[in-house]
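Q: I am sharing input27.pdb, which consists of PDB, C-alpha atoms:
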```pdb
ATOM      1  CA  MET A1065     -60.450 324.365  -6.500  1.00  0.00           C
ATOM      2  CA  MET A1066     -56.806 323.825  -5.594  1.00  0.00           C
ATOM      3  CA  ILE A1067     -56.581 320.228  -4.485  1.00  0.00           C
ATOM      4  CA  GLU A1068     -58.738 317.646  -6.224  1.00  0.00           C
ATOM      5  CA  SER A1069     -57.862 314.521  -4.298  1.00  0.00           C
ATOM      6  CA  ILE A1070     -55.524 312.976  -1.788  1.00  0.00           C
ATOM      7  CA  GLN A1071     -55.143 309.269  -2.422  1.00  0.00           C
ATOM      8  CA  PRO A1072     -53.293 306.895  -0.126  1.00  0.00           C
ATOM      9  CA  LEU A1073     -50.428 305.076  -1.770  1.00  0.00           C
ATOM     10  CA  HIS A1074     -50.314 301.455  -0.585  1.00  0.00           C
ATOM     11  CA  HIS A1075     -48.913 299.215  -3.301  1.00  0.00           C
ATOM     12  CA  SER A1076     -47.209 295.868  -3.090  1.00  0.00           C
ATOM     13  CA  SER A1077     -43.923 295.020  -4.742  1.00  0.00           C
ATOM     14  CA  LYS A1078     -44.111 294.759  -8.548  1.00  0.00           C
ATOM     15  CA  HIS A1079     -47.360 296.805  -8.746  1.00  0.00           C
ATOM     16  CA  THR A1080     -47.497 298.839 -11.961  1.00  0.00           C
ATOM     17  CA  THR A1081     -49.703 301.551 -13.381  1.00  0.00           C
ATOM     18  CA  GLN A1082     -50.092 301.745 -17.144  1.00  0.00           C
ATOM     19  CA  TRP A1083     -49.216 304.882 -19.125  1.00  0.00           C
ATOM     20  CA  HIS A1084     -51.752 307.597 -18.370  1.00  0.00           C
ATOM     21  CA  HIS A1085     -52.039 311.315 -17.698  1.00  0.00           C
ATOM     22  CA  HIS A1086     -54.105 313.592 -15.494  1.00  0.00           C
ATOM     23  CA  PRO A1087     -55.689 316.922 -16.433  1.00  0.00           C
ATOM     24  CA  GLY A1088     -54.081 318.397 -13.304  1.00  0.00           C
ATOM     25  CA  GLY A1089     -50.721 317.937 -11.599  1.00  0.00           C
ATOM     26  CA  GLN A1090     -49.709 315.068  -9.331  1.00  0.00           C
ATOM     27  CA  LEU A1091     -47.434 315.125  -6.306  1.00  0.00           C
ATOM     28  CA  TYR A1092     -46.019 311.804  -5.065  1.00  0.00           C
ATOM     29  CA  TRP A1093     -44.999 311.523  -1.431  1.00  0.00           C
ATOM     30  CA  VAL A1094     -43.381 308.236  -0.384  1.00  0.00           C
ATOM     31  CA  THR A1095     -43.173 307.436   3.326  1.00  0.00           C
ATOM     32  CA  ARG A1096     -41.827 303.883   2.961  1.00  0.00           C
ATOM     33  CA  GLY A1097     -40.500 301.857   0.040  1.00  0.00           C
ATOM     34  CA  MET A1098     -39.829 303.107  -3.465  1.00  0.00           C
ATOM     35  CA  VAL A1099     -41.863 304.263  -6.470  1.00  0.00           C
ATOM     36  CA  MET A1100     -40.307 304.432  -9.931  1.00  0.00           C
ATOM     37  CA  VAL A1101     -42.045 307.065 -12.064  1.00  0.00           C
ATOM     38  CA  GLU A1102     -41.361 307.140 -15.786  1.00  0.00           C
ATOM     39  CA  THR A1103     -42.069 309.822 -18.392  1.00  0.00           C
ATOM     40  CA  GLU A1104     -40.890 309.915 -21.978  1.00  0.00           C
ATOM     41  CA  GLN A1105     -37.916 312.002 -20.783  1.00  0.00           C
ATOM     42  CA  GLY A1106     -36.667 309.740 -18.024  1.00  0.00           C
ATOM     43  CA  GLN A1107     -37.298 307.702 -14.938  1.00  0.00           C
ATOM     44  CA  TRP A1108     -37.163 308.821 -11.308  1.00  0.00           C
ATOM     45  CA  ALA A1109     -36.735 306.842  -8.107  1.00  0.00           C
ATOM     46  CA  LEU A1110     -38.927 308.288  -5.352  1.00  0.00           C
ATOM     47  CA  THR A1111     -37.921 307.281  -1.847  1.00  0.00           C
ATOM     48  CA  PRO A1112     -38.708 308.560   1.650  1.00  0.00           C
ATOM     49  CA  GLY A1113     -37.225 312.010   2.033  1.00  0.00           C
ATOM     50  CA  SER A1114     -38.221 313.081  -1.465  1.00  0.00           C
ATOM     51  CA  VAL A1115     -41.323 314.255  -3.317  1.00  0.00           C
ATOM     52  CA  GLY A1116     -42.017 313.842  -7.012  1.00  0.00           C
ATOM     53  CA  TRP A1117     -43.919 316.279  -9.218  1.00  0.00           C
ATOM     54  CA  ILE A1118     -45.714 315.426 -12.490  1.00  0.00           C
ATOM     55  CA  PRO A1119     -47.118 318.491 -14.332  1.00  0.00           C
ATOM     56  CA  PRO A1120     -50.623 318.445 -15.849  1.00  0.00           C
ATOM     57  CA  SER A1121     -51.276 316.280 -18.924  1.00  0.00           C
ATOM     58  CA  LEU A1122     -47.811 314.680 -18.883  1.00  0.00           C
ATOM     59  CA  PRO A1123     -47.974 310.975 -19.828  1.00  0.00           C
ATOM     60  CA  HIS A1124     -46.358 308.798 -17.171  1.00  0.00           C
ATOM     61  CA  CYS A1125     -46.437 305.359 -15.596  1.00  0.00           C
ATOM     62  CA  ALA A1126     -45.199 304.022 -12.284  1.00  0.00           C
ATOM     63  CA  TRP A1127     -44.056 300.759 -10.754  1.00  0.00           C
ATOM     64  CA  MET A1128     -42.960 299.620  -7.331  1.00  0.00           C
ATOM     65  CA  PRO A1129     -39.752 297.556  -7.073  1.00  0.00           C
ATOM     66  CA  VAL A1130     -40.647 297.048  -3.387  1.00  0.00           C
ATOM     67  CA  SER A1131     -43.834 297.687  -1.418  1.00  0.00           C
ATOM     68  CA  ALA A1132     -44.533 301.418  -1.275  1.00  0.00           C
ATOM     69  CA  TYR A1133     -46.564 303.604   1.064  1.00  0.00           C
ATOM     70  CA  GLY A1134     -47.350 307.306   1.037  1.00  0.00           C
ATOM     71  CA  ALA A1135     -49.810 309.564  -0.735  1.00  0.00           C
ATOM     72  CA  SER A1136     -50.594 310.978  -4.136  1.00  0.00           C
ATOM     73  CA  LEU A1137     -51.977 314.512  -4.179  1.00  0.00           C
ATOM     74  CA  HIS A1138     -53.787 315.741  -7.299  1.00  0.00           C
ATOM     75  CA  PHE A1139     -54.058 319.472  -8.022  1.00  0.00           C
ATOM     76  CA  SER A1140     -56.316 321.275 -10.483  1.00  0.00           C
ATOM     77  CA  ALA A1141     -54.526 322.509 -13.607  1.00  0.00           C
ATOM     78  CA  GLU A1142     -55.263 326.167 -12.762  1.00  0.00           C
ATOM     79  CA  TYR A1143     -53.274 325.834  -9.540  1.00  0.00           C
ATOM     80  CA  CYS A1144     -50.264 324.073 -11.063  1.00  0.00           C
ATOM     81  CA  GLY A1145     -48.530 327.236 -12.288  1.00  0.00           C
ATOM     82  CA  ALA A1146     -47.098 327.620  -8.788  1.00  0.00           C
ATOM     83  CA  PHE A1147     -45.310 324.246  -9.078  1.00  0.00           C
ATOM     84  CA  PRO A1148     -42.206 323.488 -11.192  1.00  0.00           C
ATOM     85  CA  SER A1149     -42.983 323.419 -14.936  1.00  0.00           C
ATOM     86  CA  SER A1150     -41.273 320.069 -15.588  1.00  0.00           C
ATOM     87  CA  PRO A1151     -41.313 316.719 -13.814  1.00  0.00           C
ATOM     88  CA  CYS A1152     -38.831 316.537 -10.971  1.00  0.00           C
ATOM     89  CA  ILE A1153     -37.834 315.080  -7.640  1.00  0.00           C
ATOM     90  CA  ARG A1154     -37.135 317.438  -4.770  1.00  0.00           C
ATOM     91  CA  ALA A1155     -35.570 316.844  -1.385  1.00  0.00           C
ATOM     92  CA  ALA A1156     -38.198 316.889   1.348  1.00  0.00           C
ATOM     93  CA  SER A1157     -37.058 318.742   4.446  1.00  0.00           C
ATOM     94  CA  PRO A1158     -38.377 317.618   7.838  1.00  0.00           C
ATOM     95  CA  PHE A1159     -40.642 320.689   7.737  1.00  0.00           C
ATOM     96  CA  LEU A1160     -42.066 319.723   4.319  1.00  0.00           C
ATOM     97  CA  LEU A1161     -42.661 316.163   5.530  1.00  0.00           C
ATOM     98  CA  LEU A1162     -44.618 317.488   8.529  1.00  0.00           C
ATOM     99  CA  LEU A1163     -46.616 319.782   6.233  1.00  0.00           C
ATOM    100  CA  LEU A1164     -47.510 316.869   3.941  1.00  0.00           C
ATOM    101  CA  GLU A1165     -48.564 314.781   6.926  1.00  0.00           C
ATOM    102  CA  LYS A1166     -50.815 317.621   8.136  1.00  0.00           C
ATOM    103  CA  ILE A1167     -52.282 318.293   4.675  1.00  0.00           C
ATOM    104  CA  CYS A1168     -53.000 314.610   4.047  1.00  0.00           C
ATOM    105  CA  GLY A1169     -54.542 314.358   7.503  1.00  0.00           C
ATOM    106  CA  GLU A1170     -56.956 317.191   6.718  1.00  0.00           C
ATOM    107  CA  GLY A1171     -58.489 315.063   3.942  1.00  0.00           C
ATOM    108  CA  THR A1172     -60.490 318.032   2.616  1.00  0.00           C
ATOM    109  CA  ILE A1173     -61.200 317.770  -1.082  1.00  0.00           C
ATOM    110  CA  GLY A1174     -62.495 320.629  -3.181  1.00  0.00           C
ATOM    111  CA  GLU A1175     -62.323 324.225  -2.077  1.00  0.00           C
ATOM    112  CA  PRO A1176     -59.948 324.140   0.900  1.00  0.00           C
ATOM    113  CA  SER A1177     -60.530 325.952   4.148  1.00  0.00           C
ATOM    114  CA  GLU A1178     -58.532 329.127   4.650  1.00  0.00           C
ATOM    115  CA  ARG A1179     -56.172 327.210   6.943  1.00  0.00           C
ATOM    116  CA  LEU A1180     -55.618 324.407   4.435  1.00  0.00           C
ATOM    117  CA  ALA A1181     -55.092 326.964   1.649  1.00  0.00           C
ATOM    118  CA  HIS A1182     -52.297 328.530   3.727  1.00  0.00           C
ATOM    119  CA  LEU A1183     -50.716 325.122   4.402  1.00  0.00           C
ATOM    120  CA  LEU A1184     -50.843 324.321   0.677  1.00  0.00           C
ATOM    121  CA  GLN A1185     -49.161 327.614  -0.222  1.00  0.00           C
ATOM    122  CA  VAL A1186     -46.350 326.982   2.271  1.00  0.00           C
ATOM    123  CA  MET A1187     -46.004 323.427   0.863  1.00  0.00           C
ATOM    124  CA  VAL A1188     -45.695 324.770  -2.691  1.00  0.00           C
ATOM    125  CA  ASP A1189     -43.068 327.301  -1.568  1.00  0.00           C
ATOM    126  CA  GLU A1190     -41.102 324.551   0.200  1.00  0.00           C
ATOM    127  CA  ILE A1191     -41.182 322.390  -2.952  1.00  0.00           C
ATOM    128  CA  ARG A1192     -40.193 325.249  -5.265  1.00  0.00           C
ATOM    129  CA  TYR A1193     -37.160 326.114  -3.123  1.00  0.00           C
ATOM    130  CA  ALA A1194     -36.163 322.552  -2.204  1.00  0.00           C
ATOM    131  CA  ASP A1195     -33.000 321.105  -3.671  1.00  0.00           C
ATOM    132  CA  ALA A1196     -33.499 319.134  -6.869  1.00  0.00           C
ATOM    133  CA  LEU A1197     -32.397 315.541  -6.487  1.00  0.00           C
ATOM    134  CA  SER A1198     -30.440 313.792  -9.220  1.00  0.00           C
ATOM    135  CA  SER A1199     -32.283 310.484  -8.965  1.00  0.00           C
ATOM    136  CA  GLN A1200     -33.364 310.794 -12.554  1.00  0.00           C
ATOM    137  CA  LEU A1201     -32.418 307.994 -14.880  1.00  0.00           C
ATOM    138  CA  ILE A1202     -32.512 309.240 -18.452  1.00  0.00           C
ATOM    139  CA  LEU A1203     -33.869 306.565 -20.750  1.00  0.00           C
ATOM    140  CA  PRO A1204     -32.381 306.095 -24.221  1.00  0.00           C
ATOM    141  CA  ASP A1205     -34.333 307.383 -27.239  1.00  0.00           C
ATOM    142  CA  ASP A1206     -33.466 304.391 -29.421  1.00  0.00           C
ATOM    143  CA  ARG A1207     -36.325 301.881 -29.085  1.00  0.00           C
ATOM    144  CA  ARG A1208     -34.013 298.841 -28.868  1.00  0.00           C
ATOM    145  CA  VAL A1209     -31.720 300.363 -26.271  1.00  0.00           C
ATOM    146  CA  ARG A1210     -34.713 301.655 -24.263  1.00  0.00           C
ATOM    147  CA  GLN A1211     -36.146 298.128 -24.135  1.00  0.00           C
ATOM    148  CA  ILE A1212     -32.847 296.819 -22.762  1.00  0.00           C
ATOM    149  CA  ALA A1213     -32.747 299.591 -20.125  1.00  0.00           C
ATOM    150  CA  GLN A1214     -36.338 298.844 -19.119  1.00  0.00           C
ATOM    151  CA  LYS A1215     -35.589 295.110 -18.810  1.00  0.00           C
ATOM    152  CA  ILE A1216     -32.667 295.841 -16.493  1.00  0.00           C
ATOM    153  CA  LEU A1217     -34.704 298.273 -14.383  1.00  0.00           C
ATOM    154  CA  ALA A1218     -37.639 295.872 -14.131  1.00  0.00           C
ATOM    155  CA  ASP A1219     -35.438 292.953 -13.093  1.00  0.00           C
ATOM    156  CA  ARG A1220     -32.493 294.141 -11.013  1.00  0.00           C
ATOM    157  CA  ALA A1221     -31.390 290.514 -10.613  1.00  0.00           C
ATOM    158  CA  CYS A1222     -30.964 290.200 -14.395  1.00  0.00           C
ATOM    159  CA  THR A1223     -27.969 287.929 -15.000  1.00  0.00           C
ATOM    160  CA  ARG A1224     -27.748 288.356 -18.772  1.00  0.00           C
ATOM    161  CA  SER A1225     -24.504 289.834 -20.000  1.00  0.00           C
ATOM    162  CA  GLN A1226     -24.270 292.983 -22.067  1.00  0.00           C
ATOM    163  CA  ALA A1227     -23.405 290.793 -25.083  1.00  0.00           C
ATOM    164  CA  GLU A1228     -26.552 288.668 -24.590  1.00  0.00           C
ATOM    165  CA  LEU A1229     -28.792 291.710 -24.247  1.00  0.00           C
ATOM    166  CA  ALA A1230     -27.234 293.375 -27.286  1.00  0.00           C
ATOM    167  CA  LYS A1231     -27.635 290.247 -29.407  1.00  0.00           C
ATOM    168  CA  GLN A1232     -31.263 289.846 -28.338  1.00  0.00           C
ATOM    169  CA  ALA A1233     -31.941 293.448 -29.449  1.00  0.00           C
ATOM    170  CA  GLY A1234     -30.112 292.997 -32.760  1.00  0.00           C
ATOM    171  CA  LEU A1235     -27.207 295.248 -31.778  1.00  0.00           C
ATOM    172  CA  SER A1236     -23.483 294.801 -31.423  1.00  0.00           C
ATOM    173  CA  VAL A1237     -21.992 295.349 -27.965  1.00  0.00           C
ATOM    174  CA  ARG A1238     -20.085 298.327 -29.337  1.00  0.00           C
ATOM    175  CA  THR A1239     -23.262 299.941 -30.761  1.00  0.00           C
ATOM    176  CA  LEU A1240     -25.155 299.310 -27.532  1.00  0.00           C
ATOM    177  CA  SER A1241     -22.341 300.905 -25.513  1.00  0.00           C
ATOM    178  CA  ARG A1242     -22.094 303.899 -27.855  1.00  0.00           C
ATOM    179  CA  LEU A1243     -25.866 304.513 -27.852  1.00  0.00           C
ATOM    180  CA  PHE A1244     -26.065 304.245 -24.059  1.00  0.00           C
ATOM    181  CA  ILE A1245     -23.375 306.877 -23.595  1.00  0.00           C
ATOM    182  CA  GLN A1246     -24.770 309.171 -26.324  1.00  0.00           C
ATOM    183  CA  GLN A1247     -28.370 309.036 -25.159  1.00  0.00           C
ATOM    184  CA  THR A1248     -28.079 308.802 -21.363  1.00  0.00           C
ATOM    185  CA  GLY A1249     -24.663 310.192 -20.472  1.00  0.00           C
ATOM    186  CA  LEU A1250     -23.964 306.928 -18.628  1.00  0.00           C
ATOM    187  CA  THR A1251     -21.967 303.885 -19.599  1.00  0.00           C
ATOM    188  CA  PHE A1252     -23.856 300.602 -19.903  1.00  0.00           C
ATOM    189  CA  GLY A1253     -22.228 299.364 -16.675  1.00  0.00           C
ATOM    190  CA  GLN A1254     -23.315 302.477 -14.762  1.00  0.00           C
TER     191      GLN A1254
END
```
With the file now loaded, output its structure as structure tokens.

A:
Amino acid sequence: MMIESIQPLHHSSKHTTQWHHHPGGQLYWVTRGMVMVETEQGQWALTPGSVGWIPPSLPHCAWMPVSAYGASLHFSAEYCGAFPSSPCIRAASPFLLLLLEKICGEGTIGEPSERLAHLLQVMVDEIRYADALSSQLILPDDRRVRQIAQKILADRACTRSQAELAKQAGLSVRTLSRLFIQQTGLTFGQ
């Protein structure tokens, strides 16, 4: 079995999924809105024009900063060797978007028809050769700094200053700045 399920993605703003993993791989396709997917390695912003890949058994969670629509395709672990080996976001060409629309419209679960199997193989090839997008936000390893980063990402309208956030986490502004740069490659302001 190649494809296990195709689930519509229709979530309202602020919807979250708790940390979980799947025995197979998961492909996110967003047609409208935004989905933030987080793994222990980082966080990705999936928007229309991109697809996101989560390999089998990788713990992840997701949340929607705005209402999101699209589909989530689940593949059996045996079939996932054809996909990238690590989580990623890839640019979705107009051709790939049409392929996804056709595949999701087929709605066949289980052993695909010969036609669907061919469409899936072309889709995998398109994803493998698509440009990687740099929408990844690397989260800090330090627990305190990670909590600050997650607060900011969860509430983009956060008005607390860097000094307030550092104090609340038991850090100096200088330590917070240093850890952000060391662990994410970005300054706190970025």

Q: Tell me which protein, DNA and RNA residues are within 12 Å of A:Gln1211, counting all atoms listed in the file, leaving out same-chain ones fewer than 2 positions away, and put them as an MDAnalysis selection string.

A: chainID A and resid 1203:1209 1213:1218 1229:1230 1232:1234 1240 1244

Q: On this structure, the PyMOL selection byres ((chain A and resi 1106) around 10) would catch which residues? List them as number ranges by chain, sorted by chain and number.

A: A: 1101-1105, 1107-1108, 1124, 1151, 1200-1205, 1248

Q: Now that the selection is made, can you save its residues with C-alpha atoms as a PDB file, in the frame of the given file?

A:
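result.pdb, written as the output of this step:
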```pdb
ATOM      1  CA  VAL A1101     -42.045 307.065 -12.064  1.00  0.00           C
ATOM      2  CA  GLU A1102     -41.361 307.140 -15.786  1.00  0.00           C
ATOM      3  CA  THR A1103     -42.069 309.822 -18.392  1.00  0.00           C
ATOM      4  CA  GLU A1104     -40.890 309.915 -21.978  1.00  0.00           C
ATOM      5  CA  GLN A1105     -37.916 312.002 -20.783  1.00  0.00           C
ATOM      6  CA  GLN A1107     -37.298 307.702 -14.938  1.00  0.00           C
ATOM      7  CA  TRP A1108     -37.163 308.821 -11.308  1.00  0.00           C
ATOM      8  CA  HIS A1124     -46.358 308.798 -17.171  1.00  0.00           C
ATOM      9  CA  PRO A1151     -41.313 316.719 -13.814  1.00  0.00           C
ATOM     10  CA  GLN A1200     -33.364 310.794 -12.554  1.00  0.00           C
ATOM     11  CA  LEU A1201     -32.418 307.994 -14.880  1.00  0.00           C
ATOM     12  CA  ILE A1202     -32.512 309.240 -18.452  1.00  0.00           C
ATOM     13  CA  LEU A1203     -33.869 306.565 -20.750  1.00  0.00           C
ATOM     14  CA  PRO A1204     -32.381 306.095 -24.221  1.00  0.00           C
ATOM     15  CA  ASP A1205     -34.333 307.383 -27.239  1.00  0.00           C
ATOM     16  CA  THR A1248     -28.079 308.802 -21.363  1.00  0.00           C
TER      17      THR A1248
END
```

Q: Compute the distance from (-47.5, 308.8, 1.3) to each atom, counting all atoms listed in the file, keep the residues with any atom at most 8 Å away, and return them as a ChimeraX atom specification; use the coordinates of the file.

A: /A:1072-1073,1092-1096,1133-1136

Q: Figure out the distance between atom CA of A:Glu1190 and atom CA of A:Leu1160, please, to one decimal in Å.

A: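 Computing it gives 6.4 Å between the two atoms.
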
Q: Just give me the gap between atom CA of A:Leu1163 and atom CA of A:Ser1076 in Å, one decimal is fine.

A: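 Answer for the atom CA of A:Leu1163 to atom CA of A:Ser1076 separation: 25.7 Å.
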
Q: So how many Å separate atom CA of A:Val1188 and atom CA of A:His1079, to one decimal?

A: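 Distance between the two atoms: 28.7 Å.
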
Q: Would you translate the PyMOL selection byres ((chain A and resi 1119) around 7) into the concrete set of residues it matches in this file, as an mmCIF file with C-alpha atoms, in the frame of the given file?

A:
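Result went into selection-v5.cif, see below:
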```cif
data_model
loop_
_atom_site.group_PDB
_atom_site.id
_atom_site.type_symbol
_atom_site.label_atom_id
_atom_site.label_comp_id
_atom_site.auth_asym_id
_atom_site.auth_seq_id
_atom_site.Cartn_x
_atom_site.Cartn_y
_atom_site.Cartn_z
ATOM 1 C CA GLY A 1089 -50.721 317.937 -11.599
ATOM 2 C CA GLN A 1090 -49.709 315.068 -9.331
ATOM 3 C CA TRP A 1117 -43.919 316.279 -9.218
ATOM 4 C CA ILE A 1118 -45.714 315.426 -12.490
ATOM 5 C CA PRO A 1120 -50.623 318.445 -15.849
ATOM 6 C CA SER A 1121 -51.276 316.280 -18.924
ATOM 7 C CA LEU A 1122 -47.811 314.680 -18.883
ATOM 8 C CA SER A 1149 -42.983 323.419 -14.936
ATOM 9 C CA SER A 1150 -41.273 320.069 -15.588
ATOM 10 C CA PRO A 1151 -41.313 316.719 -13.814
#
```

Q: Just the residues within 10 Å of A:Ala1146, please, counting only C-alpha atoms, with nothing from its chain fewer than 4 positions along; format it as JSON, numbers by chain.

A: {"A": [1142, 1185, 1188, 1189, 1191, 1192]}

Q: Only C-alpha atoms, please: the residues just picked out, written as a PDB file, in the coordinates of the input.

A:
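Contents of the output file part01.pdb:
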```
ATOM      1  CA  GLU A1142     -55.263 326.167 -12.762  1.00  0.00           C
ATOM      2  CA  GLN A1185     -49.161 327.614  -0.222  1.00  0.00           C
ATOM      3  CA  VAL A1188     -45.695 324.770  -2.691  1.00  0.00           C
ATOM      4  CA  ASP A1189     -43.068 327.301  -1.568  1.00  0.00           C
ATOM      5  CA  ILE A1191     -41.182 322.390  -2.952  1.00  0.00           C
ATOM      6  CA  ARG A1192     -40.193 325.249  -5.265  1.00  0.00           C
TER       7      ARG A1192
END
```

Q: Would you write out, as a compact mmCIF listing (two decimals) with C-alpha atoms, keeping the file's coordinate frame, every residue that the PyMOL selection byres ((chain A and resi 1098) around 7) captures in this file?

A:
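File produced: part_14.txt:
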```txt
# COMPACT_ATOMS: atom_id res chain seq x y z
CA VAL A 1094 -43.38 308.24 -0.38
CA ARG A 1096 -41.83 303.88 2.96
CA GLY A 1097 -40.50 301.86 0.04
CA VAL A 1099 -41.86 304.26 -6.47
CA MET A 1100 -40.31 304.43 -9.93
CA ALA A 1109 -36.74 306.84 -8.11
CA LEU A 1110 -38.93 308.29 -5.35
CA THR A 1111 -37.92 307.28 -1.85
CA MET A 1128 -42.96 299.62 -7.33
CA PRO A 1129 -39.75 297.56 -7.07
CA VAL A 1130 -40.65 297.05 -3.39
CA ALA A 1132 -44.53 301.42 -1.27
```

Q: Neighbouring residues of stretch 1165-1171 of chain A were defined as those with any atom within 9 Å, considering all atoms listed in the file; residues of the same chain fewer than 6 positions away were excluded. Please report them as a list of chain:residue names.

A: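 The neighbour list is A:Ser1069, A:Ile1070, A:Gln1071, A:Pro1072, A:Ala1135, A:Leu1137, A:Leu1180, A:Leu1183, A:Leu1184, A:Met1187.
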
Q: Keeping only C-alpha atoms, take the residues you just selected and write them out as a PDB file, in the coordinates of the input.

A:
```pdb
ATOM      1  CA  SER A1069     -57.862 314.521  -4.298  1.00  0.00           C
ATOM      2  CA  ILE A1070     -55.524 312.976  -1.788  1.00  0.00           C
ATOM      3  CA  GLN A1071     -55.143 309.269  -2.422  1.00  0.00           C
ATOM      4  CA  PRO A1072     -53.293 306.895  -0.126  1.00  0.00           C
ATOM      5  CA  ALA A1135     -49.810 309.564  -0.735  1.00  0.00           C
ATOM      6  CA  LEU A1137     -51.977 314.512  -4.179  1.00  0.00           C
ATOM      7  CA  LEU A1180     -55.618 324.407   4.435  1.00  0.00           C
ATOM      8  CA  LEU A1183     -50.716 325.122   4.402  1.00  0.00           C
ATOM      9  CA  LEU A1184     -50.843 324.321   0.677  1.00  0.00           C
ATOM     10  CA  MET A1187     -46.004 323.427   0.863  1.00  0.00           C
TER      11      MET A1187
END
```

Q: Given all atoms listed in the file as the basis, pick out the residue of A:Val1115, A:Leu1197, A:Cys1144, A:Ala1181 nearest to A:Leu1161.

A: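 Among A:Val1115, A:Leu1197, A:Cys1144, A:Ala1181, it is A:Val1115 that comes nearest to A:Leu1161.
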
Q: I need the residue nearest A:Ala1126 from this list: A:Ala1156, A:Ser1177, A:His1084, A:Tyr1143. Use only C-alpha atoms for the distance.

A: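 With only C-alpha atoms as the atom set, the closest residue is A:His1084.
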
Q: Using all atoms listed in the file, which residue out of A:Thr1080, A:Phe1252, A:Ser1131, A:Ala1196 lies closest to A:Ile1212?

A: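 Residue with the minimum atom-to-atom distance to A:Ile1212: A:Phe1252.
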
Q: Considering all atoms listed in the file, state which residue in the set A:Ser1114, A:Ser1140, A:Gln1246, A:Thr1081 is at the smallest distance from A:Leu1164.

A: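 For A:Leu1164, the nearest of the candidates is A:Ser1114.
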
Q: Looking at A:Gly1253, A:Leu1235, A:Arg1224, A:Pro1158, which one is nearest to A:Pro1112, with distances taken over all atoms listed in the file?

A: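 Of the candidates, the smallest distance to A:Pro1112 is held by A:Pro1158.
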
Q: For each of A:Cys1125, A:Gly1113, A:Arg1210, A:His1075, take the minimum atom-to-atom distance to A:Leu1243, counting all atoms listed in the file, then give the residue where this is smallest.

A: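 Closest to A:Leu1243, using all atoms listed in the file: A:Arg1210.
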